[in-house]
4 protein chains.
Amino acid sequence: MSEHVERPARSLIAQSLTAAEAQTVTQGDGAGIGWYGERPEPGVYREPRPAWSDDNLRALCRHLRSGLFFAHVRAATGTDTSRANCHPFASGPRLFMHNGQIGGYARIRRPVESLIGDGAYDARLGTSDSEAIFLAALSDGLDDDPAAAFARVLGRIAALQHTHGVRAPLRFTACYTDGGNLHAFRWASDGHCPSLYLRRLEAGVLVASEPYDDTGGTWECVPAGSHLRIDRMLRVAVAPFEAGAAPPPRPLAQPPREATPAD
Amino acid sequence: MSEHVERPARSLIAQSLTAAEAQTVTQGDGAGIGWYGERPEPGVYREPRPAWSDDNLRALCRHLRSGLFFAHVRAATGTDTSRANCHPFASGPRLFMHNGQIGGYARIRRPVESLIGDGAYDARLGTSDSEAIFLAALSDGLDDDPAAAFARVLGRIAALQHTHGVRAPLRFTACYTDGGNLHAFRWASDGHCPSLYLRRLEAGVLVASEPYDDTGGTWECVPAGSHLRIDRMLRVAVAPFEAGAAPPPRPLAQPPREATPAD
Amino acid sequence: MSEHVERPARSLIAQSLTAAEAQTVTQGDGAGIGWYGERPEPGVYREPRPAWSDDNLRALCRHLRSGLFFAHVRAATGTDTSRANCHPFASGPRLFMHNGQIGGYARIRRPVESLIGDGAYDARLGTSDSEAIFLAALSDGLDDDPAAAFARVLGRIAALQHTHGVRAPLRFTACYTDGGNLHAFRWASDGHCPSLYLRRLEAGVLVASEPYDDTGGTWECVPAGSHLRIDRMLRVAVAPFEAGAAPPPRPLAQPPREATPAD
Amino acid sequence: MSEHVERPARSLIAQSLTAAEAQTVTQGDGAGIGWYGERPEPGVYREPRPAWSDDNLRALCRHLRSGLFFAHVRAATGTDTSRANCHPFASGPRLFMHNGQIGGYARIRRPVESLIGDGAYDARLGTSDSEAIFLAALSDGLDDDPAAAFARVLGRIAALQHTHGVRAPLRFTACYTDGGNLHAFRWASDGHCPSLYLRRLEAGVLVASEPYDDTGGTWECVPAGSHLRIDRMLRVAVAPFEAGAAPPPRPLAQPPREATPAD
């Protein structure tokens with residue numbers, strides 16, 4: 001994992017100190033990784049100290065090898081700097097991480113939390129808006145159709161914002177998996193979504209909030225309003241994504257560099 | 001404050017490592033102090049590291065002087081070891097701290113949290129049962145009559161435990177103040193309340209979970225089912241305390257050592 | 001203290017996230033305060049979490065009142081992010097804090113530490129270059145003549161750098177007090193000293209790494225190569241300061257705004 | 001690793017709260033693990049929070065699988081509660097952990113640290129006596145003959161204690177490996193060594209400070225004054241171990257349960 005999280009010049013660990021495209025420059029409110037190994041449940045490491053000084057994080061990235069993993073650095077948007085508010089969030093075999101926020105969360109926290117069903121409420125370990133979105137989706141069909149579940153939950157939250165007179169936006173750039181397919185989303189109620197990039201390699205597919213090496217051309221910017229689904233065969237399908245509705249994804253058109261025969 | 005929190009042989013800091021009467025021997029899941037100074041709102045310091053190695057706590061106790069302060073060491077009962085779950089809890093001019101627990105809290109957390117009114121829900125920073133009791137009381141008349149408010153809330157929680165088939169006890173040894181009177185409570189649904197002691201000095205009144213010096217005789221054990229009210233004139237009144245009901249306190253009979261004229 | 005540390009728009013707490021003049025933009029490797037109260041020894045609070053999310057720090061600043069206090073946010077320069085490496089450093093009645101670094105410290109750490117005398121070595125709680133400078137000065141006449149002691153120590157360290165072929169600079173913008181006079185220094189071997197400002201008010205004198213409010217004109221930039229001495233009568237004396245030598249300070253010429261009779 | 005560190009009723013994580021044979025009942029000053037995987041250097045995770053509340057530690061133990069690993073819970077003996085003072089200590093391919101202490105360390109810290117050679121001093125990240133022993137041995141032949149190196153270092157430290165009039169004991173129950181053989185030591189200047197146990201299984205050899213399951217009979221108590229060497233073929237050799245001298249180990253006599261032909 002070190003090859004992706006630590007070693008690149010603009011690695012996630014470097015981004016914690018100075019991100020180029022993030023909506024906050026410094027993301028020093030904690031970091032986390034989640035990875036799949038021999039068990040159905042992922043391993044999770046979360047720590048509120050800044051990634052840039054976290055030797056444990058470095059050592060884990062160097063010594064873990066995984067075919068499917070998440071890594072995140074956090075810039076808090078109003079909730080506590082604690083382990084339980086660090087991403088990724090896990091529940092059983094599932095992992096979720098999120099850039100963005102629920103605008104006006106302090107005002108609508110209670111009705112947002114009431115979207116979490118009783119069965120999932122036990123898994124509410126922290127107080128963040130991100131965890132609430134995850135658990136609300138878990139209560140509303142996440143295992144059956146992740147995109148539809150997140151679309152419904154975001155639609156409900158947007159409605160709550162409207163009802164409570166919140167004008168601050170709802171922003172959702174996120175990754176989700178249950179250890180099988182990887183789903184990535186980029187959407188915001190005001191069009192200003194946190195960035196999302198895709199890079200296809202022979203050996204895998206990378207999804208990142210911003211390119212972390214200098215091979216810029218091979219990173220494809222994921223447009224706002226998108227849902228990416230990447231299966232274990234590394235096939236990428238894309239679909240429009242909108243709060244309140246989520247059509248099924250269709251295979252992504254081949255990217256330029258692979259479409260050129262002479263390449 | 002050091003005179004009470006740090007220097008005694010069996011100080012709170014020493015108790016964090018080995019308490020004599022606590023229901024858990026080690027209370028290493030954090031510590032906190034709250035104190036009143038020039039502002040109506042108390043100052044609060046909370047830290048999840050064990051008190052025994054907390055140099056900040058020591059320094060604060062040495063350098064703060066206050067006519068009314070709280071100090072607490074925590075043994076977690078199932079919720080996260082984080083700052084937001086450390087005692088004392090504060091809201092405006094109020095301070096609250098608690099030994100004990102809501103048995104079966106994981107099963108009834110949601111209905112317990114629903115006892116917190118919308119106005120107080122903003123102040124829900126952590127995930128602990130203790131903070132939930134405080135905020136539920138705050139939503140239900142705490143400012144008018146603390147004992148009645150806590151009694152009502154405990155009654156409701158006991159009913160929730162019953163409804164959900166929880167047999168584990170509800171235990172509540174606690175201190176509350178709004179900067180004026182100090183209220184201390186000792187009650188448990190199964191009679192096994194965490195201990196509570198009172199010591200009357202010329203210059204003040206001490207309330208503690210256990211005597212912290214060797215002048216044992218001057219510490220009065222507060223009986224189970226009690227509410228103590230101590231006013232700024234250091235007058236102590238006592239009343240029976242029971243979940244669901246709370247009669248007004250009456251002046252406490254003089255303790256033996258002061259009642260004896262020849263003393 | 002809140003009036004200086006927390007409330008200004010460009011307060012130290014705000015600077016922890018985005019400093020305007022610091023040599024590193026983010027100073028998220030911890031924070032600390034030291035203050036004098038009723039005891040000869042100052043109180044000290046140090047915490048490795050970023051200042052911007054530290055509720056304890058905020059509460060302390062709001063509830064402490066002191067005639068002489070230090071506050072610091074840290075950007076680590078190679079040593080561990082731990083409490084013991086946070087500033088200010090204290091020993092008996094003394095407080096010290098430092099912006100800057102010993103270039104090539106990893107290569108000359110052992111001979112630098114050997115400048116600390118046996119009597120002061122006990123107070124070596126961390127591993128930072130800043131603490132080493134403080135304790136070396138403490139071993140070499142700090143109590144008699146702070147400027148001369150720091151000048152000698154910096155001279156020795158510069159010689160060690162030279163001997164070991166270190167070309168990275170030695171930079172020293174620092175504050176020191178024993179509870180009486182306040183001494184501030186600004187010097188660097190390469191002329192690029194961390195910034196230092198002075199502001200004279202009716203009720204006191206402020207020394208800061210950068211102006212933290214918008215009354216820019218009233219902040220005087222302290223020139224490189226200076227030693228400021230401020231006594232309890234708020235008289236400010238200034239002297240040239242150079243590693244290896246330190247002449248006695250002389251009264252500072254009145255600043256323009258006070259020199260104008262019509263002011 | 002979970003099978004050994006987390007799941008047993010008296011696991012290391014449980015021991016952090018209540019150890020049966022340790023010289024301090026509570027070992028709540030941090031925890032750490034080190035493990036060998038695909039790289040010559042071990043992975044290391046160290047954290048100053050108590051093991052009992054460390055979800056990261058639990059997750060790592062569940063998701064790491066290693067043929068050779070260390071796990072430790074710390075009871076501090078005077079030095080800072082920080083990551084850098086948590087065990088195990090690593091340098092290149094080496095891992096070291098220690099129960100015990102250098103009596104009077106505060107008085108002889110400087111001469112003890114002077115036993116660390118210049119080449120190893122860079123690796124001095126913390127301030128503990130345990131790390132100093134490790135780095136001193138690393139400077140004095142650890143790679144050639146671990147037992148001889150530790151014996152020499154302990155002999156030098158005992159001499160320093162004598163010279164400085166320290167009567168407090170020197171205690172050393174420790175494990176060391178470079179990824180090849182495992183070396184375990186049990187020795188104390190006063191005969192009161194921290195406990196050490198050995199258990200031989202079909203699939204491996206366990207060395208622990210105390211038995212952590214109820215199969216008590218199969219745990220062999222390692223006598224005071226011993227050096228165990230366990231090679232990758234799981235052969236166990238034992239030798240007397242004494243500060244100042246260390247003879248070569250010889251194969252350990254078969255333990256009773258294996259010595260019985262009918263077994």
# chains A, B, ... in the order shown; residues from 1 in each chain; ligands from 1
call {"tool": "closest_atom_pairs", "arguments": {"of": "chain C", "to": "chain A", "cutoff": "9 Å", "atoms": "only C-alpha atoms", "output": "tab-separated table"}}
result
residue	atom	partner	partner_atom	distance
C:Leu17	CA	A:Thr26	CA	7.3
C:Thr18	CA	A:Thr26	CA	8.8
C:Thr26	CA	A:Leu17	CA	7.3
C:Gly28	CA	A:Gly28	CA	7.3
C:Asp29	CA	A:Ser53	CA	8.1
C:Pro48	CA	A:Arg49	CA	8.4
C:Arg49	CA	A:Arg49	CA	6.5
C:Pro50	CA	A:Gly28	CA	7.8
C:Ser53	CA	A:Thr81	CA	6.7
C:Asp54	CA	A:Thr81	CA	8.7
C:Ala76	CA	A:Ser53	CA	9.0
C:Asp80	CA	A:Ser53	CA	7.9
C:Thr81	CA	A:Ser53	CA	6.7
call {"tool": "write_last_selection", "arguments": {"atoms": "C-alpha atoms", "output": "tab-separated table (two decimals), in the first residue's frame"}}
result
chain	number	residue	atom	x	y	z
C	17	LEU	CA	-3.90	26.31	10.41
C	18	THR	CA	-2.60	29.13	8.21
C	26	THR	CA	0.73	24.82	8.88
C	28	GLY	CA	-0.24	21.48	13.45
C	29	ASP	CA	2.25	19.54	15.53
C	48	PRO	CA	0.49	17.40	20.54
C	49	ARG	CA	-2.89	17.70	18.81
C	50	PRO	CA	-3.33	20.67	16.49
C	53	SER	CA	-9.22	21.39	17.38
C	54	ASP	CA	-8.12	21.64	21.00
C	76	ALA	CA	7.96	19.99	13.97
C	80	ASP	CA	8.71	13.41	17.53
C	81	THR	CA	5.20	14.84	17.79
call {"tool": "residues_around", "arguments": {"residues": "Pro223 (chain C)", "least_positions_apart": "2", "cutoff": "8 Å", "atoms": "only C-alpha atoms", "output": "PyMOL selection string"}}
result
chain C and resi 186+196+221+225-226
call {"tool": "write_last_selection", "arguments": {"atoms": "C-alpha atoms", "output": "PDB file, in the first residue's frame"}}
result
ATOM      1  CA  ARG C 186      15.601  37.228  16.781  1.00  0.00           C
ATOM      2  CA  LEU C 196       9.078  38.708  15.514  1.00  0.00           C
ATOM      3  CA  CYS C 221       8.793  44.483  13.372  1.00  0.00           C
ATOM      4  CA  GLY C 225      19.945  40.330  15.218  1.00  0.00           C
ATOM      5  CA  SER C 226      18.037  41.791  18.153  1.00  0.00           C
TER       6      SER C 226
END
call {"tool": "residues_around", "arguments": {"residues": "region 39-46 of chain D", "least_positions_apart": "2", "cutoff": "7 Å", "atoms": "only C-alpha atoms", "output": "list in words"}}
result
Asn56, Ala59, Leu60 and His63 of chain A; Ala31, Gly32, Ile33, Gly34, Trp35, Tyr36, Gly37, Pro48, Arg83, Cys86, His87, Gly92 and Pro93 of chain D
call {"tool": "residues_around", "arguments": {"residues": "region 201-213 of chain D", "least_positions_apart": "6", "cutoff": "6 Å", "atoms": "only C-alpha atoms", "output": "MDAnalysis selection string"}}
result
chainID D and resid 8 10:11 195
call {"tool": "write_last_selection", "arguments": {"atoms": "N, CA, C and O atoms", "output": "PDB file, in the first residue's frame"}}
result
ATOM      1  N   PRO D   8      -7.420 -15.065  23.938  1.00  0.00           N
ATOM      2  CA  PRO D   8      -7.383 -15.825  25.190  1.00  0.00           C
ATOM      3  C   PRO D   8      -7.959 -15.034  26.367  1.00  0.00           C
ATOM      4  O   PRO D   8      -7.896 -13.805  26.399  1.00  0.00           O
ATOM      5  N   ARG D  10      -6.915 -14.649  29.244  1.00  0.00           N
ATOM      6  CA  ARG D  10      -5.916 -13.829  29.934  1.00  0.00           C
ATOM      7  C   ARG D  10      -4.920 -13.299  28.915  1.00  0.00           C
ATOM      8  O   ARG D  10      -3.717 -13.322  29.123  1.00  0.00           O
ATOM      9  N   SER D  11      -5.435 -12.838  27.821  1.00  0.00           N
ATOM     10  CA  SER D  11      -4.620 -12.322  26.732  1.00  0.00           C
ATOM     11  C   SER D  11      -3.806 -11.120  27.180  1.00  0.00           C
ATOM     12  O   SER D  11      -4.063 -10.522  28.228  1.00  0.00           O
ATOM     13  N   SER D 195       8.580 -12.207  35.412  1.00  0.00           N
ATOM     14  CA  SER D 195       8.375 -13.610  35.023  1.00  0.00           C
ATOM     15  C   SER D 195       8.540 -13.817  33.523  1.00  0.00           C
ATOM     16  O   SER D 195       8.430 -12.884  32.724  1.00  0.00           O
TER      17      SER D 195
END
call {"tool": "closest_residue", "arguments": {"among": "B:Ala137, B:Ile102, B:Met1, B:Val238", "to": "Ala71 (chain B)", "atoms": "only C-alpha atoms"}}
result
B:Met1
call {"tool": "residues_around", "arguments": {"residues": "Met233 (chain D)", "least_positions_apart": "2", "cutoff": "10 Å", "atoms": "only C-alpha atoms", "output": "PyMOL selection string"}}
result
chain D and resi 181+204+230-231+235-236
call {"tool": "write_last_selection", "arguments": {"atoms": "C-alpha atoms", "output": "PDB file, in the first residue's frame"}}
result
ATOM      1  CA  ASN D 181      16.638 -16.558  15.910  1.00  0.00           C
ATOM      2  CA  GLY D 204       5.567 -22.823  17.017  1.00  0.00           C
ATOM      3  CA  ILE D 230      14.908 -20.390  19.608  1.00  0.00           C
ATOM      4  CA  ASP D 231      15.805 -20.948  15.989  1.00  0.00           C
ATOM      5  CA  ARG D 235      14.696 -25.736  18.469  1.00  0.00           C
ATOM      6  CA  VAL D 236      15.091 -24.266  21.949  1.00  0.00           C
TER       7      VAL D 236
END
call {"tool": "select_by_dssp", "arguments": {"residues": "region 22-223 of chain B", "states": "strand (DSSP E)", "output": "NGL selection string"}}
result
:B and (31-35 or 43-47 or 69-73 or 89-91 or 94-102 or 170-177 or 182-188 or 197-200 or 205-208 or 219-221)
call {"tool": "write_last_selection", "arguments": {"atoms": "C-alpha atoms", "output": "PDB file, in the first residue's frame"}}
result
ATOM      1  CA  ALA B  31      -9.919  12.273  33.402  1.00  0.00           C
ATOM      2  CA  GLY B  32     -11.362  15.716  33.616  1.00  0.00           C
ATOM      3  CA  ILE B  33     -11.798  18.772  35.765  1.00  0.00           C
ATOM      4  CA  GLY B  34     -14.305  21.582  35.698  1.00  0.00           C
ATOM      5  CA  TRP B  35     -13.965  24.768  37.710  1.00  0.00           C
ATOM      6  CA  GLY B  43     -13.601  26.009  32.603  1.00  0.00           C
ATOM      7  CA  VAL B  44     -13.297  22.390  31.536  1.00  0.00           C
ATOM      8  CA  TYR B  45     -10.277  20.213  30.843  1.00  0.00           C
ATOM      9  CA  ARG B  46     -10.887  16.677  29.606  1.00  0.00           C
ATOM     10  CA  GLU B  47      -8.343  14.174  28.371  1.00  0.00           C
ATOM     11  CA  PHE B  69     -14.761  22.521  41.157  1.00  0.00           C
ATOM     12  CA  PHE B  70     -15.310  18.974  39.899  1.00  0.00           C
ATOM     13  CA  ALA B  71     -12.704  16.290  39.199  1.00  0.00           C
ATOM     14  CA  HIS B  72     -13.316  12.873  37.700  1.00  0.00           C
ATOM     15  CA  VAL B  73     -11.454   9.791  36.524  1.00  0.00           C
ATOM     16  CA  PHE B  89     -19.879  17.479  30.972  1.00  0.00           C
ATOM     17  CA  ALA B  90     -20.637  21.160  30.634  1.00  0.00           C
ATOM     18  CA  SER B  91     -23.431  23.173  29.114  1.00  0.00           C
ATOM     19  CA  ARG B  94     -23.687  23.750  34.280  1.00  0.00           C
ATOM     20  CA  LEU B  95     -21.355  20.907  35.182  1.00  0.00           C
ATOM     21  CA  PHE B  96     -22.229  17.238  35.593  1.00  0.00           C
ATOM     22  CA  MET B  97     -20.260  14.104  36.367  1.00  0.00           C
ATOM     23  CA  HIS B  98     -21.359  10.537  36.952  1.00  0.00           C
ATOM     24  CA  ASN B  99     -20.182   7.215  38.316  1.00  0.00           C
ATOM     25  CA  GLY B 100     -22.343   4.289  37.348  1.00  0.00           C
ATOM     26  CA  GLN B 101     -24.039   3.267  34.135  1.00  0.00           C
ATOM     27  CA  ILE B 102     -27.202   2.501  32.263  1.00  0.00           C
ATOM     28  CA  LEU B 170     -29.252   1.457  36.437  1.00  0.00           C
ATOM     29  CA  ARG B 171     -26.672   3.090  38.720  1.00  0.00           C
ATOM     30  CA  PHE B 172     -26.319   6.776  39.397  1.00  0.00           C
ATOM     31  CA  THR B 173     -23.828   8.376  41.721  1.00  0.00           C
ATOM     32  CA  ALA B 174     -23.456  11.859  40.385  1.00  0.00           C
ATOM     33  CA  CYS B 175     -22.719  15.519  41.017  1.00  0.00           C
ATOM     34  CA  TYR B 176     -24.387  18.485  39.400  1.00  0.00           C
ATOM     35  CA  THR B 177     -24.142  22.235  39.745  1.00  0.00           C
ATOM     36  CA  LEU B 182     -24.037  21.649  44.486  1.00  0.00           C
ATOM     37  CA  HIS B 183     -26.241  18.568  44.157  1.00  0.00           C
ATOM     38  CA  ALA B 184     -24.951  15.057  44.764  1.00  0.00           C
ATOM     39  CA  PHE B 185     -26.918  11.861  44.237  1.00  0.00           C
ATOM     40  CA  ARG B 186     -26.468   8.228  45.181  1.00  0.00           C
ATOM     41  CA  TRP B 187     -28.961   5.732  43.880  1.00  0.00           C
ATOM     42  CA  ALA B 188     -29.095   2.429  41.996  1.00  0.00           C
ATOM     43  CA  TYR B 197     -18.687  10.377  50.797  1.00  0.00           C
ATOM     44  CA  LEU B 198     -19.062  13.778  52.366  1.00  0.00           C
ATOM     45  CA  ARG B 199     -16.584  15.702  54.438  1.00  0.00           C
ATOM     46  CA  ARG B 200     -17.314  19.008  56.126  1.00  0.00           C
ATOM     47  CA  VAL B 205     -17.462  20.767  51.875  1.00  0.00           C
ATOM     48  CA  LEU B 206     -15.907  17.852  50.032  1.00  0.00           C
ATOM     49  CA  VAL B 207     -17.923  15.258  48.155  1.00  0.00           C
ATOM     50  CA  ALA B 208     -15.972  12.298  46.839  1.00  0.00           C
ATOM     51  CA  TRP B 219     -15.716  11.304  56.029  1.00  0.00           C
ATOM     52  CA  GLU B 220     -19.413  10.491  56.209  1.00  0.00           C
ATOM     53  CA  CYS B 221     -20.684   7.744  53.951  1.00  0.00           C
TER      54      CYS B 221
END
call {"tool": "residues_around", "arguments": {"residues": "His164 (chain C)", "least_positions_apart": "3", "cutoff": "8 Å", "atoms": "only C-alpha atoms", "output": "PyMOL selection string"}}
result
chain C and resi 107-108+160-161
call {"tool": "write_last_selection", "arguments": {"atoms": "C-alpha atoms", "output": "compact mmCIF listing (two decimals), in the first residue's frame"}}
result
# COMPACT_ATOMS: atom_id res chain seq x y z
CA ARG C 107 23.88 14.80 12.66
CA ILE C 108 25.02 16.83 15.67
CA LEU C 160 29.52 22.22 15.98
CA GLN C 161 27.67 22.69 12.71
call {"tool": "atom_distance", "arguments": {"atom1": "CA of Ser66 (chain C)", "atom2": "CA of Ser2 (chain C)"}}
result
10.8 Å
